[in-house]
$ cat structure-v8.txt   # compact mmCIF, C-alpha atoms
# COMPACT_ATOMS: atom_id res chain seq x y z
CA MET C 1 51.61 174.60 260.14
CA ARG C 2 54.16 174.97 257.37
CA SER C 3 54.58 172.17 254.82
CA LEU C 4 57.47 169.72 255.15
CA ALA C 5 59.05 171.28 252.06
CA GLU C 6 58.94 174.70 253.69
CA LEU C 7 60.36 173.26 256.89
CA GLU C 8 63.18 171.61 254.97
CA ALA C 9 64.21 175.04 253.76
CA VAL C 10 64.42 176.10 257.41
CA PHE C 11 66.67 173.21 258.44
CA GLU C 12 68.85 173.02 255.32
CA PRO C 13 71.17 176.03 255.78
CA PRO C 14 73.31 176.65 258.87
CA PRO C 15 71.31 178.81 261.29
CA ALA C 16 71.86 182.56 261.22
CA THR C 17 74.19 183.75 263.94
CA SER C 18 73.15 187.43 264.05
CA ASP C 19 70.67 186.75 266.86
CA ILE C 20 71.64 183.42 268.42
CA GLU C 21 68.72 183.09 270.82
CA ALA C 22 66.18 183.97 268.13
CA SER C 23 67.72 181.36 265.83
CA ALA C 24 67.60 178.74 268.58
CA THR C 25 63.94 179.48 269.28
CA MET C 26 63.15 179.36 265.58
CA LEU C 27 64.72 175.87 265.33
CA LEU C 28 62.80 174.66 268.37
CA LYS C 29 59.48 175.92 267.01
CA ALA C 30 60.14 174.45 263.57
CA SER C 31 60.97 171.09 265.20
CA GLU C 32 57.62 171.20 266.99
CA GLU C 33 55.96 171.65 263.61
CA VAL C 34 57.73 168.55 262.29
CA LEU C 35 56.29 166.51 265.15
CA GLU C 36 52.86 168.06 264.51
CA HIS C 37 53.00 166.60 260.98
CA TRP C 38 53.64 163.13 262.36
CA ILE C 39 50.80 163.37 264.88
CA THR C 40 48.35 164.83 262.36
CA ALA C 41 49.16 161.96 259.96
CA ARG C 42 48.07 159.59 262.74
CA GLY C 43 44.70 161.32 262.83
CA GLU C 44 45.28 163.08 266.12
CA VAL C 45 45.31 166.70 267.21
CA PRO C 46 48.80 167.83 268.28
CA THR C 47 48.87 168.59 271.98
CA SER C 48 49.54 172.07 273.30
CA ASP C 49 50.71 170.59 276.61
CA LYS C 50 54.27 170.86 277.83
CA ARG C 51 56.46 168.23 279.39
CA GLU C 52 59.43 169.23 281.53
CA GLY C 53 58.68 172.76 280.34
CA PHE C 54 58.77 171.97 276.62
CA ARG C 55 56.01 171.33 274.10
CA LEU C 56 58.47 169.40 271.92
CA LEU C 57 58.77 166.68 274.56
CA ALA C 58 55.00 166.49 275.00
CA LEU C 59 54.57 166.18 271.24
CA HIS C 60 57.16 163.43 271.07
CA ARG C 61 55.40 161.54 273.83
CA GLN C 62 52.11 161.87 271.98
CA GLY C 63 53.72 160.73 268.72
CA ALA C 64 55.21 157.64 270.33
CA LYS C 65 52.02 156.53 272.07
CA GLY C 66 51.13 153.07 270.81
CA ASP C 67 54.18 153.13 268.55
CA PRO C 68 57.28 152.46 270.64
CA SER C 69 59.58 152.41 267.62
CA PHE C 70 59.00 156.15 267.25
CA ASN C 71 61.21 156.39 270.30
CA ALA C 72 64.11 156.15 267.85
CA CYS C 73 63.92 159.97 267.91
CA ARG C 74 63.33 160.31 271.67
CA GLU C 75 66.94 161.12 272.49
CA THR C 76 67.19 163.41 269.47
CA CYS C 77 64.34 165.46 270.97
CA ARG C 78 65.99 165.47 274.38
CA GLU C 79 69.37 166.47 272.92
CA LEU C 80 67.62 169.25 271.03
CA ILE C 81 66.21 170.61 274.30
CA TYR C 82 69.57 170.22 276.05
CA HIS C 83 71.34 172.24 273.36
CA TYR C 84 68.56 174.82 273.31
CA ASN C 85 69.00 175.23 277.07
CA LEU C 86 72.77 175.48 276.69
CA ILE C 87 72.28 178.45 274.37
CA CYS C 88 69.58 180.21 276.39
CA MET C 89 71.35 179.79 279.73
CA ASP C 90 74.61 181.28 278.51
CA PRO C 91 74.09 183.23 275.27
CA VAL C 92 77.52 184.87 275.45
CA HIS C 93 79.51 181.65 275.87
CA SER C 94 82.69 181.52 273.80
CA ASP C 95 81.41 178.42 271.95
CA ILE C 96 77.97 179.86 271.31
CA THR C 97 78.19 179.73 267.51
CA ASP C 98 79.22 176.06 267.56
CA ARG C 99 76.43 175.35 270.02
CA LEU C 100 73.92 176.91 267.67
CA TYR C 101 75.32 174.94 264.71
CA MET C 102 75.01 171.78 266.79
CA LEU C 103 71.39 172.62 267.59
CA GLY C 104 70.89 173.07 263.84
CA MET C 105 72.34 169.61 263.11
CA ILE C 106 70.19 167.94 265.75
CA SER C 107 67.03 169.69 264.54
CA ARG C 108 67.87 168.70 261.00
CA HIS C 109 68.24 165.07 262.03
CA LEU C 110 64.82 165.12 263.66
CA PHE C 111 63.38 166.59 260.46
CA LEU C 112 65.12 164.02 258.23
CA PHE C 113 64.03 161.11 260.40
CA ILE C 114 60.37 162.09 260.63
CA SER C 115 59.98 163.47 257.12
CA GLY C 116 61.58 160.25 255.84
CA LYS C 117 58.78 158.31 257.44
CA MET C 118 56.19 160.63 255.93
CA GLN C 119 57.25 159.95 252.34
CA VAL C 120 54.99 156.99 251.77
CA ALA C 121 55.95 156.14 248.20
CA GLU C 122 59.65 155.88 248.96
CA LEU C 123 59.42 153.99 252.20
CA GLY C 124 60.31 150.32 252.19
CA GLU C 125 58.64 147.42 253.92
CA PHE C 126 61.39 147.35 256.50
CA CYS C 127 60.45 150.55 258.22
CA CYS C 128 58.44 149.47 261.22
CA SER C 129 57.58 152.95 262.49
CA SER C 130 55.76 154.07 259.38
CA LYS C 131 53.92 150.81 258.80
CA PRO C 132 50.69 151.75 260.64
CA ILE C 133 50.38 154.94 258.61
CA ARG C 134 50.96 153.21 255.30
CA SER C 135 48.56 150.40 256.21
CA ALA C 136 45.87 152.94 257.08
CA GLU C 137 46.36 154.72 253.77
CA THR C 138 46.16 151.47 251.84
CA ALA C 139 42.90 150.63 253.58
CA THR C 140 41.19 153.92 252.64
CA MET E 1 79.37 132.27 289.84
CA THR E 2 80.04 135.98 289.27
CA THR E 3 79.02 137.74 286.06
CA LYS E 4 82.70 138.17 285.29
CA ASP E 5 83.31 134.42 285.40
CA LYS E 6 80.04 133.62 283.68
CA TYR E 7 80.90 135.74 280.65
CA LYS E 8 84.43 134.36 280.22
CA LYS E 9 83.09 131.54 278.07
CA VAL E 10 80.07 132.39 275.97
CA ALA E 11 78.17 131.03 273.00
CA TYR E 12 79.09 133.30 270.11
CA TYR E 13 76.33 134.24 267.69
CA PRO E 14 77.88 136.26 264.85
CA GLY E 15 74.72 136.47 262.71
CA CYS E 16 74.51 136.89 258.96
CA ALA E 17 75.95 140.40 258.69
CA LEU E 18 79.21 139.38 260.35
CA GLU E 19 79.75 136.78 257.65
CA GLY E 20 79.30 139.40 254.93
CA SER E 21 79.55 143.16 255.01
CA GLY E 22 80.48 143.14 258.70
CA HIS E 23 83.26 140.57 258.44
CA SER E 24 85.81 142.92 259.96
CA TYR E 25 83.61 143.13 263.06
CA ASN E 26 83.63 139.33 263.25
CA ARG E 27 87.41 139.20 262.80
CA SER E 28 88.09 141.95 265.33
CA THR E 29 85.67 140.56 267.94
CA LYS E 30 87.38 137.17 267.80
CA ALA E 31 90.85 138.74 267.85
CA VAL E 32 90.02 140.90 270.87
CA GLY E 33 88.49 137.92 272.68
CA LYS E 34 91.64 135.92 272.09
CA ALA E 35 93.89 138.77 273.20
CA LEU E 36 91.86 139.15 276.39
CA GLY E 37 91.81 135.43 277.13
CA LEU E 38 88.06 135.12 276.65
CA ASP E 39 86.49 132.03 275.14
CA LEU E 40 84.02 132.27 272.24
CA VAL E 41 82.24 129.07 271.20
CA GLU E 42 80.28 129.65 268.02
CA VAL E 43 76.64 128.53 268.13
CA LYS E 44 76.36 125.32 266.11
CA ASN E 45 74.44 125.53 262.85
CA TRP E 46 73.02 128.92 263.73
CA ASN E 47 70.34 130.60 261.65
CA CYS E 48 69.21 134.13 260.84
CA CYS E 49 67.64 135.94 263.80
CA GLY E 50 64.77 137.14 261.61
CA ALA E 51 66.32 140.57 261.17
CA MET E 52 63.97 143.41 260.19
CA GLU E 53 62.43 141.75 257.18
CA VAL E 54 60.84 138.72 258.83
CA LYS E 55 59.69 140.81 261.80
CA ASN E 56 57.55 142.95 259.53
CA ILE E 57 56.00 139.97 257.78
CA ASP E 58 55.28 137.89 260.88
CA PRO E 59 56.79 138.85 264.26
CA LYS E 60 56.20 135.35 265.65
CA ILE E 61 58.39 133.77 262.96
CA GLN E 62 61.12 136.16 264.02
CA THR E 63 60.58 135.09 267.62
CA TYR E 64 60.90 131.46 266.56
CA LEU E 65 64.07 132.03 264.53
CA SER E 66 65.75 133.84 267.42
CA SER E 67 64.52 131.22 269.89
CA ARG E 68 66.12 128.45 267.84
CA VAL E 69 69.54 130.09 268.20
CA MET E 70 69.04 130.25 271.97
CA SER E 71 67.72 126.68 272.03
CA VAL E 72 70.83 125.34 270.29
CA ALA E 73 73.08 127.24 272.72
CA ALA E 74 71.16 126.02 275.77
CA ASN E 75 70.09 122.51 274.83
CA GLU E 76 72.76 121.33 272.43
CA MET E 77 75.81 123.19 273.74
CA ASP E 78 74.92 123.51 277.41
CA MET E 79 75.76 127.22 277.38
CA ASP E 80 73.98 129.79 279.51
CA VAL E 81 75.18 133.01 277.84
CA VAL E 82 74.83 133.99 274.17
CA MET E 83 76.94 136.92 272.99
CA ALA E 84 75.70 138.73 269.87
CA PRO E 85 77.88 141.62 268.62
CA CYS E 86 75.33 142.70 265.98
CA ASN E 87 72.74 145.15 267.31
CA GLY E 88 70.03 143.60 265.14
CA CYS E 89 70.70 140.05 266.39
CA TYR E 90 71.12 141.25 269.97
CA HIS E 91 67.86 143.20 269.78
CA ASN E 92 65.94 140.29 268.23
CA LEU E 93 67.16 137.69 270.72
CA LYS E 94 66.26 140.02 273.60
CA LYS E 95 62.87 140.67 272.04
CA ALA E 96 62.24 136.95 271.60
CA GLU E 97 63.19 136.37 275.23
CA TYR E 98 60.72 139.05 276.31
CA ASP E 99 57.92 137.75 274.09
CA LEU E 100 58.37 134.15 275.23
CA LYS E 101 58.19 135.26 278.84
CA ASN E 102 55.21 137.58 278.43
CA ASP E 103 53.16 136.39 275.47
CA LYS E 104 51.50 132.98 275.70
CA GLU E 105 50.64 132.92 272.00
CA SER E 106 54.28 133.50 271.01
CA ALA E 107 55.34 130.65 273.28
CA GLU E 108 52.75 128.35 271.68
CA VAL E 109 53.83 129.23 268.14
CA VAL E 110 57.50 128.72 269.04
CA ASP E 111 56.72 125.36 270.63
CA ARG E 112 54.76 124.21 267.59
CA LEU E 113 57.46 125.28 265.13
CA SER E 114 60.26 123.84 267.26
CA GLN E 115 58.53 120.45 267.33
CA LYS E 116 57.99 120.60 263.60
CA ALA E 117 61.67 121.47 263.08
CA GLY E 118 62.69 118.63 265.40
CA HIS E 119 64.56 120.46 268.14
CA LYS E 120 63.90 121.23 271.78
CA THR E 121 61.71 124.23 272.42
CA TYR E 122 63.56 127.13 273.97
CA GLU E 123 62.19 128.02 277.39
CA SER E 124 62.41 131.63 278.51
CA GLY E 125 65.33 132.15 280.92
CA GLN E 126 67.51 129.29 279.67
CA VAL E 127 70.15 131.67 278.38
CA GLU E 128 71.14 135.27 278.90
CA THR E 129 71.80 137.28 275.74
CA ILE E 130 74.50 139.94 275.95
CA HIS E 131 76.19 142.35 273.56
CA ALA E 132 79.92 142.46 272.83
CA LEU E 133 80.05 145.64 274.90
CA ASP E 134 78.63 143.84 277.98
CA TRP E 135 81.01 140.97 277.37
CA ILE E 136 84.20 143.08 277.53
CA LYS E 137 82.91 145.58 280.09
CA ASP E 138 81.81 142.88 282.54
CA THR E 139 84.72 140.47 282.17
CA ILE E 140 87.71 142.75 281.76
CA GLY E 141 86.34 146.16 282.69
CA GLU E 142 88.02 149.52 282.30
CA GLU E 143 90.80 148.87 284.80
CA GLY E 144 91.65 145.48 283.32
CA LEU E 145 91.65 146.93 279.85
CA ALA E 146 93.82 149.91 280.78
CA ALA E 147 96.33 147.50 282.31
CA ARG E 148 96.54 145.55 279.04
CA VAL E 149 96.89 148.53 276.67
CA LYS E 150 100.08 148.41 274.59
CA ASN E 151 99.30 151.18 272.10
CA SER E 152 97.27 153.91 273.74
CA LEU E 153 94.50 155.46 271.67
CA SER E 154 95.54 158.86 273.00
CA GLY E 155 95.30 161.47 270.30
CA LEU E 156 92.17 159.90 268.85
CA LYS E 157 89.00 161.93 269.21
CA ILE E 158 86.09 159.55 269.01
CA ALA E 159 82.35 159.98 268.55
CA ASN E 160 80.75 156.80 269.86
CA TYR E 161 77.78 155.79 267.76
CA TYR E 162 75.47 153.17 269.28
CA GLY E 163 72.61 153.26 266.77
CA CYS E 164 68.99 152.83 267.64
CA MET E 165 68.58 149.09 268.31
CA TYR E 166 71.04 148.71 271.17
CA THR E 167 68.76 150.43 273.66
CA ARG E 168 65.25 150.29 272.20
CA PRO E 169 62.61 149.42 273.17
CA ARG E 170 63.60 149.78 276.80
CA HIS E 171 61.34 147.01 278.11
CA ILE E 172 63.29 144.23 276.39
CA PHE E 173 66.49 145.26 278.20
CA PRO E 174 65.62 144.86 281.90
CA GLU E 175 69.30 144.88 282.86
CA LYS E 176 69.77 148.40 281.51
CA ASP E 177 68.91 151.49 283.61
CA ALA E 178 69.34 149.23 286.64
CA GLY E 179 71.45 151.49 288.80
CA PRO E 180 75.18 152.13 289.15
CA GLY E 181 77.33 150.23 286.69
CA SER E 182 74.48 149.36 284.36
CA GLU E 183 74.09 150.62 280.82
CA SER E 184 71.82 153.60 280.17
CA THR E 185 69.15 153.51 277.47
CA SER E 186 69.05 157.29 277.14
CA LYS E 187 72.80 157.96 277.35
CA PRO E 188 74.61 154.71 276.62
CA HIS E 189 78.22 154.81 277.76
CA PHE E 190 79.78 151.32 277.70
CA MET E 191 81.64 151.98 274.43
CA ASP E 192 82.73 155.39 275.70
CA ASP E 193 84.01 153.77 278.90
CA LEU E 194 86.01 151.05 277.14
CA LEU E 195 87.59 153.34 274.57
CA ALA E 196 88.45 155.92 277.23
CA ALA E 197 90.15 153.14 279.20
CA ALA E 198 92.21 152.46 276.07
CA GLY E 199 93.30 156.11 276.03
CA ALA E 200 90.88 157.69 273.55
CA GLU E 201 89.25 161.06 274.01
CA ASN E 202 85.47 160.76 273.61
CA VAL E 203 83.69 163.80 272.25
CA ASP E 204 80.22 164.87 273.33
CA PHE E 205 78.17 163.43 270.46
CA PRO E 206 74.45 164.25 270.57
CA LEU E 207 73.39 161.76 267.87
CA LYS E 208 74.89 158.65 269.50
CA THR E 209 71.55 156.81 269.43
CA ALA E 210 69.96 158.56 266.45
CA CYS E 211 68.69 156.61 263.45
CA CYS E 212 71.17 156.16 260.58
CA GLY E 213 68.45 155.15 258.13
CA GLY E 214 69.68 151.56 258.05
CA ALA E 215 66.15 150.28 257.53
CA HIS E 216 65.73 152.61 254.56
CA THR E 217 69.01 151.74 252.87
CA LEU E 218 67.53 149.57 250.12
CA SER E 219 64.15 151.22 249.76
CA ASP E 220 65.07 154.87 250.01
CA SER E 221 68.79 155.45 249.70
CA ASP E 222 68.43 159.21 249.49
CA ILE E 223 66.94 159.45 252.98
CA SER E 224 69.67 157.17 254.35
CA THR E 225 72.35 159.26 252.67
CA LYS E 226 70.97 162.46 254.19
CA LEU E 227 70.67 160.90 257.66
CA VAL E 228 74.21 159.50 257.50
CA LEU E 229 75.63 162.74 256.15
CA ASN E 230 74.04 164.57 259.05
CA ILE E 231 75.56 162.09 261.52
CA LEU E 232 79.01 162.43 259.94
CA LYS E 233 78.86 166.24 259.93
CA THR E 234 77.60 166.33 263.52
CA ALA E 235 80.45 164.07 264.67
CA LYS E 236 82.91 166.32 262.85
CA LEU E 237 81.39 169.44 264.41
CA ALA E 238 81.72 167.73 267.81
CA GLY E 239 85.46 167.51 267.13
CA ALA E 240 85.77 163.80 266.30
CA ASP E 241 88.16 162.32 263.79
CA VAL E 242 86.77 158.79 264.23
CA ILE E 243 83.27 157.39 264.63
CA ALA E 244 83.33 154.16 266.63
CA THR E 245 80.55 151.70 265.83
CA GLU E 246 79.13 148.54 267.40
CA CYS E 247 76.55 147.52 264.79
CA PRO E 248 77.32 146.12 261.32
CA THR E 249 74.22 147.72 259.76
CA CYS E 250 75.09 151.16 261.10
CA HIS E 251 78.75 150.69 260.21
CA SER E 252 78.06 149.66 256.60
CA GLY E 253 75.51 152.44 256.28
CA LEU E 254 77.93 155.07 257.53
CA GLU E 255 80.70 153.87 255.24
CA MET E 256 78.59 153.43 252.10
CA HIS E 257 76.59 156.62 252.45
CA GLN E 258 79.74 158.58 253.24
CA ILE E 259 80.84 157.68 249.71
CA ARG E 260 77.35 158.17 248.25
CA ALA E 261 77.03 161.60 249.87
CA GLU E 262 80.17 162.67 248.07
CA LYS E 263 78.95 161.29 244.74
CA THR E 264 75.32 162.41 244.85
CA LEU E 265 75.40 165.48 247.08
CA GLY E 266 78.99 166.59 246.52
CA GLU E 267 79.63 166.66 250.25
CA LYS E 268 82.79 165.03 251.53
CA VAL E 269 83.19 164.55 255.28
CA ASP E 270 86.67 163.44 256.26
CA ILE E 271 86.02 161.20 259.25
CA LYS E 272 87.08 157.61 259.81
CA ILE E 273 84.65 154.84 260.72
CA LEU E 274 85.93 151.92 262.76
CA TYR E 275 84.36 149.19 264.89
CA PHE E 276 85.08 149.63 268.58
CA THR E 277 86.58 146.13 268.56
CA GLN E 278 89.06 147.23 265.88
CA LEU E 279 90.11 150.18 268.01
CA LEU E 280 90.38 148.05 271.16
CA GLY E 281 92.33 145.40 269.27
CA MET E 282 94.90 147.91 268.07
CA ALA E 283 95.12 149.35 271.60
CA LEU E 284 95.89 145.82 272.79
CA GLY E 285 98.79 145.68 270.34
CA LEU E 286 97.16 143.85 267.44
CA LYS E 287 98.04 144.83 263.87
CA ALA E 288 95.44 146.68 261.79
CA ARG E 289 95.20 143.69 259.46
CA LYS E 290 94.57 141.34 262.37
CA VAL E 291 91.45 143.33 263.27
CA GLY E 292 90.30 143.62 259.66
CA VAL E 293 90.86 147.32 259.01
CA HIS E 294 91.69 146.37 255.39
CA GLU E 295 88.20 144.85 255.09
CA ASN E 296 86.45 148.12 255.87
CA ILE E 297 85.14 150.09 252.91
CA SER E 298 86.77 153.34 253.96
CA ASP E 299 90.54 153.50 254.07
CA SER E 300 91.84 154.29 257.55
CA ILE E 301 95.29 152.72 257.30
CA ARG E 302 97.27 155.91 256.68
CA PHE E 303 95.36 157.78 259.38
CA LEU E 304 95.98 155.00 261.91
CA LYS E 305 99.67 154.84 261.06
CA GLU E 306 99.93 158.59 261.62
CA LYS E 307 98.44 158.00 265.04
CA GLY E 308 100.95 155.24 265.76
CA LEU E 309 98.38 152.45 265.54
CA GLY E 310 98.13 149.29 263.50

$ encode --input "structure-v8.txt" --output "structure tokens"
Amino acid sequence: MRSLAELEAVFEPPPATSDIEASATMLLKASEEVLEHWITARGEVPTSDKREGFRLLALHRQGAKGDPSFNACRETCRELIYHYNLICMDPVHSDITDRLYMLGMISRHLFLFISGKMQVAELGEFCCSSKPIRSAETAT
Amino acid sequence: MTTKDKYKKVAYYPGCALEGSGHSYNRSTKAVGKALGLDLVEVKNWNCCGAMEVKNIDPKIQTYLSSRVMSVAANEMDMDVVMAPCNGCYHNLKKAEYDLKNDKESAEVVDRLSQKAGHKTYESGQVETIHALDWIKDTIGEEGLAARVKNSLSGLKIANYYGCMYTRPRHIFPEKDAGPGSESTSKPHFMDDLLAAAGAENVDFPLKTACCGGAHTLSDSDISTKLVLNILKTAKLAGADVIATECPTCHSGLEMHQIRAEKTLGEKVDIKILYFTQLLGMALGLKARKVGVHENISDSIRFLKEKGLG
């Protein structure tokens, strides 16, 4: 699993358009890694299961278990899959580059949302989703 | 009594944000209500709903604070519907309703605090809490709205941004995902429906319920700025020239971090941010000033004039 800093470097630039499908798959895999970070921080082993054909959705479900507020990124995950499917089902579509850029923006949002919660020192008391993690760290 | 009739006169709970940074939402909600012939009766001596801060310190105090608002509406004003345009207030009142119905301990704490404060204890089910979107959708509807449009929003490409508190967690919104005509928690569409009825073109916006970092605004501005910048750029990529909002926290966050992104990250995204009530108001023929466009942080006046609005 790559570090969050390494993953940020993946999501920061617009995705390469030389091989659209490869770029889309790379974004999907990197997004799975982001969710793995969240689950590992909760002391769990990231699942290798799939849900509706995608590991990303199974990981999101695992990450939200017992923490409903994590569902704030549920639709982001589902939109990510939708846009991934759009690309893979019609890789020669006239809007394919924009579709890939959109997938890049959605993946980036997922990264920003989850990595934001992982930065303990900067997080405020308001953030309900990260509270269990911070409380656990304070206790140890 | 039908829902349509029931919602024509509601107890109006603006909440703290609509008296401050979200004043233009307050102004435009009232102006649209008046233009549509709907009656808003402000909740007497209302208090904070508990927002995010109190909820994290003691969730039961938040439940009490929200219950008091509902108690005043039900027991002192004899109202059976409370309309809260702010997503945070709406969310907290719905959550309090759920907790009072399903958690005995919450009900006991609320009863004890209500007695101590000297008002009647709110009983679950006394009022129904709705959002401003429900209020307009269920009283006037798309057809009624289209018939009243004086300045069509045609030519405006809008990304509708609902934020994350309008639909989450699902269990506190039993009326959503309830079949045809109901709001969806995964793909909310009420704002899309109303603005389309007013002539706007809604773009396919994949981050319509994504987090804007509102809860991080004070504690970690950099994360909020990055989240907002990503939302703005995504809306732009989707083809929008306006982001329509229905939450004062999201709206302020989008406006402030749009400016901050330019200052700190050197990234300027030229997209306008307007409350859906401001857009509807102008579609109904109200002047931009009447719906508080001048009170927004970002300047949309010239853009709206170019589009023949306001």

$ residues_around --input "structure-v8.txt" --residues "Glu33 in chain C" --least-positions-apart "3" --cutoff "8 Å" --atoms "only C-alpha atoms" --output "list of chain:residue names"
C:Met1, C:Arg2, C:Lys29, C:Ala30, C:Glu36, C:His37

$ closest_residue --input "structure-v8.txt" --among "E:Leu153, E:Ala288, E:Ile273, E:Ile61" --to "Leu113 in chain E" --atoms "only C-alpha atoms"
E:Ile61

$ residues_near_point --input "structure-v8.txt" --point "(60.0, 165.5, 274.9)" --cutoff "8 Å" --atoms "all atoms listed in the file" --output "ChimeraX atom specification"
/C:51-52,54-61,74,77-78

$ write_last_selection --input "structure-v8.txt" --atoms "C-alpha atoms" --output "CSV table (one decimal), keeping the file's coordinate frame"
chain,number,residue,atom,x,y,z
C,51,ARG,CA,56.5,168.2,279.4
C,52,GLU,CA,59.4,169.2,281.5
C,54,PHE,CA,58.8,172.0,276.6
C,55,ARG,CA,56.0,171.3,274.1
C,56,LEU,CA,58.5,169.4,271.9
C,57,LEU,CA,58.8,166.7,274.6
C,58,ALA,CA,55.0,166.5,275.0
C,59,LEU,CA,54.6,166.2,271.2
C,60,HIS,CA,57.2,163.4,271.1
C,61,ARG,CA,55.4,161.5,273.8
C,74,ARG,CA,63.3,160.3,271.7
C,77,CYS,CA,64.3,165.5,271.0
C,78,ARG,CA,66.0,165.5,274.4

$ residues_around --input "structure-v8.txt" --residues "range 107-114 of chain C" --least-positions-apart "4" --cutoff "7 Å" --atoms "all atoms listed in the file" --output "list in words"
Phe11, Leu27, Ser31, Val34, Cys73, Thr76, Leu80, Leu103 and Met118 of chain C; Leu227 and Asn230 of chain E

$ closest_atom_pairs --input "structure-v8.txt" --of "range 20-113 of chain C" --to "range 165-187 of chain E" --cutoff "9 Å" --atoms "only C-alpha atoms" --output "tab-separated table"
residue	atom	partner	partner_atom	distance
C:Pro68	CA	E:Pro169	CA	6.6
C:Ser69	CA	E:Pro169	CA	7.0
C:Asn71	CA	E:Arg168	CA	7.6
C:Ala72	CA	E:Arg168	CA	7.4
C:Arg74	CA	E:Ser186	CA	8.5
C:Glu75	CA	E:Ser186	CA	6.4

$ residues_around --input "structure-v8.txt" --residues "Lys44 in chain E" --least-positions-apart "5" --cutoff "9 Å" --atoms "only C-alpha atoms" --output "list in words"
Val69, Val72, Ala73, Glu76 and Met77 of chain E
